[in-house]
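The data block below is coords30.cif; it holds mmCIF, C-alpha atoms.
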```cif
data_input
#
loop_
_atom_site.label_atom_id
_atom_site.label_comp_id
_atom_site.auth_asym_id
_atom_site.auth_seq_id
_atom_site.Cartn_x
_atom_site.Cartn_y
_atom_site.Cartn_z
CA MET A 1 -17.25 -30.66 -40.70
CA ARG A 2 -20.71 -29.51 -39.72
CA THR A 3 -21.60 -29.75 -36.09
CA PRO A 4 -25.23 -29.27 -34.99
CA LYS A 5 -24.23 -25.90 -33.52
CA LYS A 6 -22.85 -24.73 -36.88
CA ARG A 7 -26.00 -25.93 -38.61
CA ARG A 8 -28.21 -24.08 -36.15
CA LEU A 9 -26.08 -20.96 -36.57
CA TYR A 10 -26.50 -20.97 -40.35
CA LEU A 11 -30.19 -21.79 -40.06
CA VAL A 12 -30.87 -18.91 -37.65
CA LEU A 13 -28.78 -16.49 -39.74
CA ALA A 14 -30.61 -17.54 -42.93
CA CYS A 15 -33.98 -17.05 -41.22
CA LEU A 16 -32.94 -13.60 -39.99
CA VAL A 17 -31.75 -12.54 -43.46
CA CYS A 18 -35.01 -13.74 -45.03
CA LEU A 19 -37.15 -12.03 -42.38
CA GLY A 20 -35.13 -8.82 -42.63
CA GLY A 21 -35.47 -8.83 -46.41
CA ALA A 22 -39.21 -9.43 -46.24
CA VAL A 23 -39.71 -6.60 -43.76
CA ALA A 24 -37.50 -4.23 -45.78
CA LEU A 25 -39.44 -4.99 -48.96
CA SER A 26 -42.84 -4.54 -47.34
CA LEU A 27 -41.76 -1.30 -45.66
CA ALA A 28 -40.52 -0.01 -49.00
CA ALA A 29 -43.83 -0.98 -50.61
CA PHE A 30 -45.93 0.67 -47.90
CA SER A 31 -43.67 3.65 -47.31
CA SER A 32 -46.20 6.20 -48.53
CA SER A 33 -48.92 4.98 -46.17
CA LEU A 34 -46.49 4.91 -43.24
CA THR A 35 -46.00 8.63 -43.67
CA TYR A 36 -47.79 10.53 -40.95
CA PHE A 37 -48.47 13.61 -43.05
CA LEU A 38 -48.35 14.90 -46.62
CA SER A 39 -46.20 17.88 -47.50
CA PRO A 40 -47.65 20.84 -49.45
CA ARG A 41 -45.64 19.72 -52.48
CA GLN A 42 -47.29 16.30 -52.39
CA VAL A 43 -50.70 17.94 -52.00
CA GLU A 44 -50.05 20.26 -54.93
CA ALA A 45 -48.90 17.39 -57.15
CA LYS A 46 -51.77 15.07 -56.30
CA ALA A 47 -54.31 16.46 -53.90
CA PRO A 48 -56.57 14.01 -52.06
CA PRO A 49 -60.23 14.34 -53.17
CA LEU A 50 -62.30 17.14 -51.63
CA GLY A 51 -63.63 16.20 -48.21
CA ARG A 52 -61.23 13.24 -47.74
CA SER A 53 -59.49 13.61 -44.41
CA PHE A 54 -55.70 13.64 -44.35
CA ARG A 55 -52.82 15.25 -42.48
CA LEU A 56 -50.91 18.19 -43.87
CA GLY A 57 -47.47 18.95 -42.47
CA GLY A 58 -44.97 21.74 -43.01
CA ILE A 59 -43.83 25.12 -41.77
CA VAL A 60 -46.20 27.98 -41.01
CA GLU A 61 -45.29 30.47 -43.74
CA VAL A 62 -43.96 33.76 -42.41
CA GLY A 63 -46.39 36.67 -42.81
CA THR A 64 -49.50 34.60 -43.52
CA VAL A 65 -50.97 34.18 -40.03
CA ALA A 66 -54.16 36.18 -39.54
CA THR A 67 -56.48 35.51 -36.60
CA ASP A 68 -60.04 36.77 -36.49
CA VAL A 69 -61.59 36.78 -33.03
CA SER A 70 -64.70 38.76 -33.87
CA LYS A 71 -66.98 35.69 -34.05
CA GLY A 72 -66.33 34.35 -30.57
CA GLU A 73 -64.05 31.40 -31.31
CA PRO A 74 -60.84 32.47 -33.01
CA VAL A 75 -60.59 31.70 -36.70
CA THR A 76 -57.02 31.54 -37.96
CA HIS A 77 -55.91 31.72 -41.58
CA PHE A 78 -52.36 30.69 -42.38
CA ALA A 79 -50.35 28.92 -45.06
CA VAL A 80 -48.31 25.77 -44.61
CA THR A 81 -45.23 25.57 -46.79
CA ASP A 82 -42.32 23.24 -47.39
CA GLY A 83 -40.31 25.88 -49.21
CA GLN A 84 -41.55 24.90 -52.66
CA ALA A 85 -45.31 24.88 -52.39
CA ALA A 86 -47.83 26.35 -49.96
CA VAL A 87 -51.34 25.34 -48.94
CA LYS A 88 -53.82 27.76 -47.36
CA VAL A 89 -55.32 26.55 -44.10
CA ILE A 90 -58.31 27.69 -42.05
CA TYR A 91 -58.60 26.59 -38.44
CA THR A 92 -61.27 27.42 -35.88
CA GLY A 93 -60.19 27.05 -32.28
CA VAL A 94 -57.28 27.64 -29.94
CA LEU A 95 -53.86 26.84 -31.36
CA PRO A 96 -51.12 25.05 -29.40
CA ASP A 97 -48.62 27.23 -27.51
CA LEU A 98 -45.78 26.43 -29.87
CA PHE A 99 -47.74 27.63 -32.91
CA ARG A 100 -46.06 30.62 -34.56
CA GLU A 101 -44.60 31.72 -37.86
CA GLY A 102 -41.76 29.47 -38.94
CA GLN A 103 -42.93 26.65 -36.66
CA GLY A 104 -43.54 23.15 -37.96
CA VAL A 105 -47.17 22.05 -37.72
CA VAL A 106 -49.29 19.07 -38.66
CA ALA A 107 -52.90 19.94 -39.48
CA ILE A 108 -55.64 17.31 -39.67
CA GLY A 109 -58.53 18.07 -41.99
CA SER A 110 -59.52 18.01 -45.64
CA MET A 111 -59.33 20.09 -48.80
CA GLN A 112 -62.34 22.29 -49.53
CA LYS A 113 -63.40 24.17 -52.64
CA GLY A 114 -61.03 26.96 -53.58
CA ASP A 115 -57.86 25.02 -52.68
CA VAL A 116 -58.28 25.69 -48.98
CA PHE A 117 -57.46 23.12 -46.30
CA ARG A 118 -59.95 23.22 -43.44
CA ALA A 119 -58.23 21.87 -40.33
CA SER A 120 -60.14 20.27 -37.49
CA GLU A 121 -56.97 19.88 -35.40
CA VAL A 122 -53.55 21.52 -35.46
CA LEU A 123 -50.54 19.87 -33.80
CA ALA A 124 -47.26 21.71 -33.30
CA LYS A 125 -44.14 19.94 -34.52
CA HIS A 126 -41.03 21.20 -32.81
CA GLY A 127 -37.45 20.86 -33.93
CA ALA A 128 -34.77 18.67 -32.43
CA ASP A 129 -32.68 21.62 -31.24
CA TYR A 130 -32.33 22.24 -27.53
CA MET A 131 -30.60 25.34 -26.18
CA PRO A 132 -31.09 27.81 -23.36
CA LYS A 133 -32.90 31.05 -24.04
CA ASP A 134 -29.72 33.15 -23.73
CA VAL A 135 -27.94 31.12 -26.41
CA GLU A 136 -30.92 31.53 -28.70
CA GLU A 137 -30.88 35.30 -28.08
CA ALA A 138 -27.14 35.49 -28.68
CA LEU A 139 -27.52 33.59 -31.95
CA LYS A 140 -30.30 35.89 -33.04
CA LYS A 141 -28.44 39.03 -32.00
CA SER A 142 -25.37 37.99 -33.95
CA GLY A 143 -27.53 37.56 -37.03
CA LYS A 144 -26.67 33.89 -37.37
CA TRP A 145 -30.21 32.69 -36.97
CA ASN A 146 -33.80 33.84 -37.13
CA PRO A 147 -36.17 31.16 -35.79
CA ARG A 148 -38.81 32.32 -38.27
CA PHE A 149 -36.75 31.10 -41.20
CA GLY A 150 -35.81 27.59 -40.26
CA PRO A 151 -33.64 25.54 -37.94
CA PRO A 152 -30.59 27.00 -36.19
CA PRO A 153 -27.12 26.86 -37.74
CA ASN A 154 -24.72 23.99 -37.19
CA ALA A 155 -24.56 23.23 -33.49
CA ALA A 156 -20.76 23.40 -33.53
CA SER A 157 -21.07 27.17 -33.84
CA TRP A 158 -23.25 27.53 -30.72
CA ASP A 159 -20.32 27.27 -28.38
CA ASP A 160 -19.02 30.66 -29.48
CA MET A 161 -22.37 32.04 -28.37
CA SER A 162 -22.11 30.76 -24.83
CA VAL A 163 -22.88 33.21 -22.09
CA LYS A 164 -20.59 32.76 -19.15
CA GLY A 165 -22.01 31.91 -15.76
CA LYS A 166 -25.34 30.66 -17.09
CA GLY A 167 -26.72 27.19 -16.86
CA ALA A 168 -25.02 24.43 -14.97
CA MET B 1 -12.66 -24.95 -5.74
CA LYS B 2 -13.00 -28.39 -7.22
CA GLU B 3 -15.35 -27.20 -9.92
CA SER B 4 -13.19 -24.30 -11.06
CA ALA B 5 -10.11 -26.52 -11.20
CA LEU B 6 -12.05 -28.92 -13.36
CA VAL B 7 -13.12 -26.18 -15.78
CA GLN B 8 -9.66 -24.73 -16.13
CA THR B 9 -8.10 -28.05 -17.08
CA ARG B 10 -10.71 -28.61 -19.73
CA PRO B 11 -9.19 -28.43 -23.24
CA ALA B 12 -9.72 -25.01 -24.79
CA LYS B 13 -11.95 -25.68 -27.74
CA ASN B 14 -13.20 -23.24 -30.32
CA GLY B 15 -15.16 -20.52 -28.57
CA GLY B 16 -13.81 -21.64 -25.20
CA TRP B 17 -14.22 -18.13 -23.77
CA PHE B 18 -17.88 -18.19 -24.49
CA HIS B 19 -18.39 -21.32 -22.45
CA TYR B 20 -16.10 -20.01 -19.74
CA LEU B 21 -18.28 -16.92 -19.22
CA ALA B 22 -21.60 -18.72 -19.67
CA ASN B 23 -21.23 -20.88 -16.58
CA PRO B 24 -24.00 -20.06 -14.05
CA GLY B 25 -21.75 -20.82 -11.08
CA ARG B 26 -19.03 -18.51 -12.33
CA PHE B 27 -21.68 -15.87 -13.08
CA GLN B 28 -22.78 -16.04 -9.45
CA ARG B 29 -19.21 -15.67 -8.18
CA VAL B 30 -18.69 -12.54 -10.32
CA ALA B 31 -22.19 -11.06 -9.96
CA ARG B 32 -22.64 -11.30 -6.19
CA PRO B 33 -19.75 -9.04 -5.11
CA THR B 34 -20.27 -6.70 -8.09
CA LEU B 35 -23.98 -6.05 -7.47
CA PRO B 36 -23.71 -3.57 -4.55
CA TRP B 37 -21.20 -1.49 -6.53
CA LEU B 38 -23.35 -1.59 -9.64
CA ALA B 39 -26.43 -0.58 -7.67
CA GLY B 40 -24.56 2.24 -5.95
CA PHE B 41 -23.20 3.72 -9.17
CA ALA B 42 -26.59 3.30 -10.87
CA LEU B 43 -28.44 5.15 -8.11
CA PHE B 44 -25.81 7.88 -7.83
CA LEU B 45 -25.67 8.64 -11.56
CA THR B 46 -29.43 8.44 -12.09
CA VAL B 47 -30.13 10.81 -9.20
CA THR B 48 -27.31 13.16 -10.25
CA GLY B 49 -28.50 13.29 -13.86
CA ILE B 50 -32.15 13.86 -13.00
CA VAL B 51 -31.52 16.41 -10.24
CA TRP B 52 -29.08 18.27 -12.50
CA GLY B 53 -31.54 18.18 -15.38
CA TYR B 54 -34.60 19.20 -13.39
CA TRP B 55 -33.14 21.85 -11.11
CA PHE B 56 -29.88 23.16 -12.51
CA ALA B 57 -29.93 22.77 -16.29
CA PRO B 58 -31.40 25.71 -18.22
CA ALA B 59 -34.91 25.60 -19.68
CA ASP B 60 -35.21 25.23 -23.44
CA TRP B 61 -35.65 28.34 -25.61
CA GLN B 62 -38.65 26.87 -27.38
CA GLN B 63 -40.31 24.42 -25.02
CA GLY B 64 -39.44 26.01 -21.70
CA ASN B 65 -39.54 23.74 -18.68
CA ALA B 66 -41.45 21.01 -20.54
CA SER B 67 -38.20 20.01 -22.25
CA ARG B 68 -36.95 18.71 -18.88
CA ILE B 69 -39.04 15.59 -19.47
CA MET B 70 -36.24 14.55 -21.83
CA TYR B 71 -33.96 13.73 -18.89
CA VAL B 72 -36.25 10.77 -18.20
CA HIS B 73 -37.80 10.13 -21.59
CA VAL B 74 -34.63 9.89 -23.69
CA PRO B 75 -32.61 7.62 -21.33
CA ALA B 76 -35.67 5.36 -20.91
CA ALA B 77 -36.06 5.11 -24.69
CA TRP B 78 -32.37 4.30 -25.20
CA VAL B 79 -32.41 1.64 -22.48
CA ALA B 80 -35.64 0.16 -23.85
CA MET B 81 -33.97 -0.34 -27.25
CA ALA B 82 -30.60 -1.48 -25.87
CA GLY B 83 -32.47 -3.91 -23.62
CA TYR B 84 -34.24 -5.40 -26.59
CA ALA B 85 -30.93 -5.69 -28.43
CA ALA B 86 -29.54 -7.57 -25.41
CA LEU B 87 -32.63 -9.79 -25.39
CA ALA B 88 -32.14 -10.56 -29.09
CA ILE B 89 -28.45 -11.39 -28.57
CA CYS B 90 -29.31 -13.71 -25.66
CA SER B 91 -31.99 -15.36 -27.79
CA PHE B 92 -29.46 -15.89 -30.58
CA LEU B 93 -26.97 -17.47 -28.16
CA SER B 94 -29.77 -19.59 -26.76
CA LEU B 95 -30.97 -20.84 -30.14
CA VAL B 96 -27.55 -21.58 -31.59
CA TRP B 97 -25.40 -22.59 -28.60
CA ARG B 98 -28.14 -23.52 -26.09
CA HIS B 99 -26.44 -21.68 -23.27
CA PRO B 100 -28.53 -21.99 -20.09
CA LEU B 101 -27.30 -18.59 -18.88
CA ALA B 102 -28.60 -16.96 -22.08
CA ASP B 103 -32.04 -18.43 -21.38
CA ILE B 104 -32.02 -17.14 -17.83
CA ALA B 105 -30.89 -13.71 -19.06
CA ALA B 106 -33.65 -13.58 -21.68
CA GLU B 107 -36.29 -14.50 -19.12
CA GLU B 108 -35.12 -11.77 -16.75
CA ILE B 109 -34.47 -9.01 -19.33
CA SER B 110 -37.97 -8.77 -20.79
CA PRO B 111 -39.89 -7.55 -17.69
CA ILE B 112 -37.24 -4.88 -17.02
CA GLY B 113 -37.20 -3.84 -20.68
CA ALA B 114 -40.99 -3.63 -20.71
CA GLY B 115 -40.81 -1.38 -17.65
CA PHE B 116 -38.38 1.03 -19.28
CA THR B 117 -40.49 1.04 -22.46
CA ALA B 118 -43.55 1.90 -20.39
CA VAL B 119 -41.65 4.79 -18.74
CA CYS B 120 -40.64 6.00 -22.21
CA LEU B 121 -44.21 5.82 -23.54
CA VAL B 122 -45.83 7.49 -20.53
CA SER B 123 -43.24 10.28 -20.22
CA GLY B 124 -43.44 10.88 -23.98
CA SER B 125 -47.20 11.08 -23.78
CA LEU B 126 -47.01 13.63 -20.95
CA TRP B 127 -44.52 15.60 -23.03
CA GLY B 128 -46.64 15.40 -26.18
CA LYS B 129 -49.75 16.96 -24.68
CA PRO B 130 -48.31 20.38 -23.78
CA MET B 131 -45.97 20.60 -26.80
CA TRP B 132 -47.73 18.95 -29.73
CA GLY B 133 -51.27 19.26 -28.43
CA ALA B 134 -51.93 15.49 -28.29
CA TYR B 135 -51.08 12.71 -25.85
CA TRP B 136 -50.76 10.20 -28.65
CA VAL B 137 -50.47 10.22 -32.43
CA TRP B 138 -50.07 7.23 -34.72
CA ASP B 139 -46.83 8.30 -36.37
CA ALA B 140 -44.07 5.86 -37.24
CA ARG B 141 -41.85 6.56 -34.21
CA LEU B 142 -44.59 6.26 -31.59
CA THR B 143 -46.19 3.24 -33.21
CA SER B 144 -42.90 1.36 -33.54
CA VAL B 145 -42.09 1.96 -29.86
CA LEU B 146 -45.56 0.73 -28.92
CA ILE B 147 -44.81 -2.42 -30.96
CA LEU B 148 -41.56 -2.75 -28.98
CA PHE B 149 -43.63 -2.68 -25.78
CA PHE B 150 -45.96 -5.39 -27.12
CA LEU B 151 -42.97 -7.51 -28.18
CA TYR B 152 -41.64 -7.34 -24.63
CA LEU B 153 -45.08 -8.29 -23.24
CA GLY B 154 -45.35 -11.16 -25.74
CA HIS B 155 -41.93 -12.43 -24.70
CA ILE B 156 -42.85 -12.26 -21.00
CA ALA B 157 -46.04 -14.25 -21.67
CA LEU B 158 -44.53 -16.79 -24.07
CA ILE B 159 -41.51 -17.72 -21.96
CA ARG B 160 -43.84 -18.53 -19.04
CA ALA B 161 -46.53 -20.27 -21.10
CA PHE B 162 -44.98 -23.75 -21.43
CA ASP B 163 -44.67 -26.53 -18.89
CA ASN B 164 -41.52 -27.66 -20.66
CA LYS B 165 -38.94 -24.92 -20.07
CA ALA B 166 -36.80 -25.93 -23.08
CA HIS B 167 -39.76 -25.43 -25.41
CA ALA B 168 -40.57 -22.11 -23.74
CA TYR B 169 -37.02 -20.82 -24.21
CA ARG B 170 -36.93 -21.81 -27.87
CA ALA B 171 -40.32 -20.29 -28.74
CA ALA B 172 -39.56 -17.07 -26.85
CA ALA B 173 -36.13 -16.81 -28.48
CA ILE B 174 -37.67 -17.06 -31.94
CA LEU B 175 -40.17 -14.32 -31.06
CA ALA B 176 -37.40 -12.09 -29.67
CA LEU B 177 -35.19 -12.56 -32.74
CA ALA B 178 -38.04 -11.95 -35.18
CA GLY B 179 -38.96 -8.81 -33.25
CA ALA B 180 -35.42 -7.47 -33.57
CA VAL B 181 -36.27 -6.12 -37.05
CA ASN B 182 -38.30 -3.49 -35.18
CA LEU B 183 -35.14 -1.93 -33.70
CA PRO B 184 -33.77 -0.33 -36.91
CA ILE B 185 -37.33 0.75 -37.72
CA ILE B 186 -37.54 2.65 -34.41
CA VAL B 187 -34.12 4.23 -34.88
CA PHE B 188 -34.62 5.33 -38.49
CA SER B 189 -38.40 5.99 -38.42
CA VAL B 190 -37.84 9.73 -38.01
CA GLN B 191 -35.57 9.80 -41.07
CA TRP B 192 -37.47 7.47 -43.39
CA TRP B 193 -40.94 8.93 -42.95
CA ASN B 194 -42.61 12.20 -42.07
CA THR B 195 -43.35 11.97 -38.37
CA LEU B 196 -44.71 14.33 -35.75
CA HIS B 197 -41.89 13.19 -33.47
CA GLN B 198 -38.82 15.34 -34.06
CA GLY B 199 -35.65 13.98 -35.61
CA ASN B 200 -32.57 12.78 -33.74
CA THR B 201 -30.83 15.36 -31.57
CA ILE B 202 -27.82 13.30 -30.52
CA SER B 203 -25.56 12.33 -33.37
CA PHE B 204 -22.39 10.29 -33.43
CA THR B 205 -21.29 11.56 -36.83
CA GLY B 206 -21.83 15.30 -36.39
CA PRO B 207 -22.42 17.88 -33.67
CA SER B 208 -25.42 17.10 -31.49
CA LYS B 209 -28.17 19.69 -31.65
CA ILE B 210 -28.29 20.27 -27.92
CA TYR B 211 -26.45 22.84 -25.85
CA ILE B 212 -23.66 21.49 -23.68
CA THR B 213 -25.28 22.51 -20.36
CA MET B 214 -28.29 20.34 -21.24
CA LEU B 215 -26.22 17.54 -22.81
CA TYR B 216 -24.21 16.76 -19.64
CA PRO B 217 -27.19 15.93 -17.38
CA LEU B 218 -28.79 13.99 -20.24
CA LEU B 219 -25.69 11.81 -20.70
CA ILE B 220 -25.25 11.29 -16.95
CA ALA B 221 -28.90 10.29 -16.56
CA SER B 222 -28.48 7.94 -19.54
CA VAL B 223 -25.47 6.17 -18.03
CA GLY B 224 -27.45 5.97 -14.79
CA PHE B 225 -30.43 4.39 -16.55
CA TYR B 226 -28.18 1.89 -18.35
CA LEU B 227 -26.52 0.90 -15.06
CA THR B 228 -29.94 0.63 -13.40
CA PHE B 229 -31.05 -1.73 -16.15
CA ILE B 230 -27.89 -3.84 -15.81
CA THR B 231 -28.22 -3.91 -12.01
CA LEU B 232 -31.83 -5.06 -12.12
CA VAL B 233 -31.14 -7.73 -14.74
CA VAL B 234 -28.04 -9.09 -12.98
CA ALA B 235 -29.86 -9.15 -9.62
CA ARG B 236 -32.82 -10.99 -11.13
CA MET B 237 -30.53 -13.47 -12.92
CA SER B 238 -28.57 -14.07 -9.74
CA SER B 239 -31.69 -14.80 -7.71
CA ALA B 240 -33.11 -16.98 -10.50
CA ILE B 241 -29.92 -19.09 -10.43
CA SER B 242 -30.08 -19.35 -6.63
CA GLU B 243 -33.73 -20.33 -6.85
CA ARG B 244 -32.95 -23.10 -9.31
CA LYS B 245 -30.09 -24.37 -7.20
CA THR B 246 -32.29 -24.35 -4.09
CA THR B 247 -35.10 -26.17 -5.87
CA ALA B 248 -32.67 -28.80 -7.13
CA LEU B 249 -31.18 -29.29 -3.64
CA LEU B 250 -34.61 -29.55 -2.01
CA ARG B 251 -35.75 -32.04 -4.61
CA ALA B 252 -32.62 -34.15 -4.14
CA ALA B 253 -33.11 -34.08 -0.36
CA ALA B 254 -36.75 -35.12 -0.70
CA GLU B 255 -35.75 -38.01 -2.98
CA ARG B 256 -33.11 -39.15 -0.54
CA ALA B 257 -35.60 -39.07 2.32
CA GLN B 258 -38.00 -41.37 0.51
#
```
Write the structure described by the file as structure tokens, please.
Amino acid sequence: MRTPKKRRLYLVLACLVCLGGAVALSLAAFSSSLTYFLSPRQVEAKAPPLGRSFRLGGIVEVGTVATDVSKGEPVTHFAVTDGQAAVKVIYTGVLPDLFREGQGVVAIGSMQKGDVFRASEVLAKHGADYMPKDVEEALKKSGKWNPRFGPPPNAASWDDMSVKGKGA
Amino acid sequence: MKESALVQTRPAKNGGWFHYLANPGRFQRVARPTLPWLAGFALFLTVTGIVWGYWFAPADWQQGNASRIMYVHVPAAWVAMAGYAALAICSFLSLVWRHPLADIAAEEISPIGAGFTAVCLVSGSLWGKPMWGAYWVWDARLTSVLILFFLYLGHIALIRAFDNKAHAYRAAAILALAGAVNLPIIVFSVQWWNTLHQGNTISFTGPSKIYITMLYPLLIASVGFYLTFITLVVARMSSAISERKTTALLRAAAERAQ
């Protein structure tokens, strides 16, 4: 027996399934343009044309940061890497506080001649790990983690690093 | 007394519990005495969580004191999404079973949900400037939460746009249900696409990437925000039901006087 309530239930469920399917398909089709930034690997494989503005995201490669302050405004050279490829970046201006080696960044700019990315803006991308300073220092001291080379180890191991009497 | 006796003797049909709970009169009898307790717990936990987070919890190793914005930003974001989920469920109940209480709930949830979404967006923006270097970026997480805010605003406008309340409830319920596809997009946006917004810290399947002394105030503030949301919605629903009852009584009295 089909009551009106049952019929409405099936109708609404069918509409939801159709809508969900349509959204999933269109998201899958547009997934590359929904990406906020390109990784160095993607740039290396298929670089956008010279002068075309795009966003480049990755980790600031350790040992590549060089800042020149002789011309008034600081000019910083660094490389952005995703572990497999690296792109050289030039940026003129003051960098965000969180900028440092090993830090995630998103640079907005375009490729120039000589495979160099000239950034007009650099945004710092921070990790999802939250811990007090003393835990970070304890992790570093124990040799379990160096913030320059990636995210911290599994959070389950932090508890051994706890410093008594600190925090709340 | 008479009414409740009548309801209890009614034959228990399929889904009888649903109808039992969806009675506005019964809702009033449960909500009225519960509200002061709800409000008290909500206020206590919210204040405890925020004071703990802002004064006693340690600063973050990387972001320093700026990370304390999370004790407002994260609970507001969770409540904004849970509120929309509740709105979608009420809309579903309204469309399929035509429960009047579901309609009232939907009408009262959307302004509160929009408020929490606004808190989430503003606090996130104030957090983004010192840490990322920008108040706003058009990445998938931020854009999808902005769409959530617009869905709430659209629902608020639509449900009040019709002279015929039944039409208003149906149109608004369809909007709310269609907008529910945005919820998984918000949750998984940081995993599916490259975003400037960081990935999830709290995880149900593995260890959360937050130290325990910062996790406690965050969870307490979150429970406080959830209870605040529930308190506000229940209070609004309760007064909406009273308002309807009063209007109906006044109208009946005016008709009798004629």
Taking all atoms listed in the file into account, what are the residues of chain A at most 6 Å from chain B, put as a PyMOL selection string?
-> chain A and resi 5+8-9+35-36+96+123-125+127-133+155-156+167-168
Would you list the residues near (-28.6, 11.2, -13.0), meaning any protein, DNA or RNA residue with an atom at most 6 Å from that point in file coordinates, counting all atoms listed in the file, as a ChimeraX atom specification?
-> /B:45-50,220-221,224
What lies within 7 Å of range 141-150 of chain A using all atoms listed in the file, ignoring chain neighbours under 2 positions off, as number ranges by chain?
-> A: 62, 101-102, 137-139, 152-153
Filtering to C-alpha atoms, could you give me those residues as a short mmCIF file (atom, residue, chain, number, x, y, z; two decimals), keeping the file's coordinate frame?
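Result file again_28.cif:
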```cif
data_model
loop_
_atom_site.label_atom_id
_atom_site.label_comp_id
_atom_site.auth_asym_id
_atom_site.auth_seq_id
_atom_site.Cartn_x
_atom_site.Cartn_y
_atom_site.Cartn_z
CA VAL A 62 -43.96 33.76 -42.41
CA GLU A 101 -44.60 31.72 -37.86
CA GLY A 102 -41.76 29.47 -38.94
CA GLU A 137 -30.88 35.30 -28.08
CA ALA A 138 -27.14 35.49 -28.68
CA LEU A 139 -27.52 33.59 -31.95
CA PRO A 152 -30.59 27.00 -36.19
CA PRO A 153 -27.12 26.86 -37.74
#
```
Spatial sel., origin (-48.5, -6.3, -20.3), limit 12 Å, all atoms listed in the file, listed as a list in words |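 Nearby residues: Ser110, Pro111, Ile112, Gly113, Ala114, Gly115, Thr117, Ala118, Leu146, Ile147, Leu148, Phe149, Phe150, Leu151, Tyr152, Leu153, Gly154, His155, Ile156, Ala157 and Leu158 of chain B.
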Proximity to Ala79 in chain A - best of A:Lys140, A:His126, A:Arg118, A:Lys46, all atoms listed in the file =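 Closest residue, counting all atoms listed in the file: A:Arg118.
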A straight line from CA of Lys113 in chain A to CA of Ser32 in chain A spans 25.2 Å
Expanded to explicit residues, what is the PyMOL selection byres ((chain A and resi 44) around 10) for this file, as a ChimeraX atom specification?
-> /A:39-43,45-48,84-87,115
Have a look at B:Ser144, B:Thr247, B:Thr205, B:Ser238 and name the one nearest to Arg32 in chain B; count only C-alpha atoms.
->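 Checking each candidate against Arg32 in chain B, we get B:Ser238 as the closest.
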So, counting all atoms listed in the file, which residue among B:Val145, B:Phe116, B:Ala22, B:Ala80 is closest to Phe188 in chain B?
->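 Smallest distance to Phe188 in chain B is found for B:Val145.
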Step by step, work through what the PyMOL selection byres ((chain B and resi 109) around 9) selects in the shown file, and finish by giving those residues as a ChimeraX atom specification.
-> /B:83-84,86-87,104-108,110-114,229,232-233,236-237
Please indicate the distance in Å from CA of Arg160 in chain B to CA of Ala173 in chain B, rounded to one decimal place.
->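 These atoms are spaced 12.3 Å apart.
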9 Å contact set for Tyr226 in chain B, only C-alpha atoms, chain neighbours under 6 positions out, as a list in words |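 These residues fall inside the cut-off: Ala42, Pro75, Ala76, Trp78, Val79, Ala82 and Gly83 of chain B.
Closest approach to Tyr20 in chain B among B:Ser242, B:His99, B:Tyr169, B:Ser123: B:His99, based on all atoms listed in the file.
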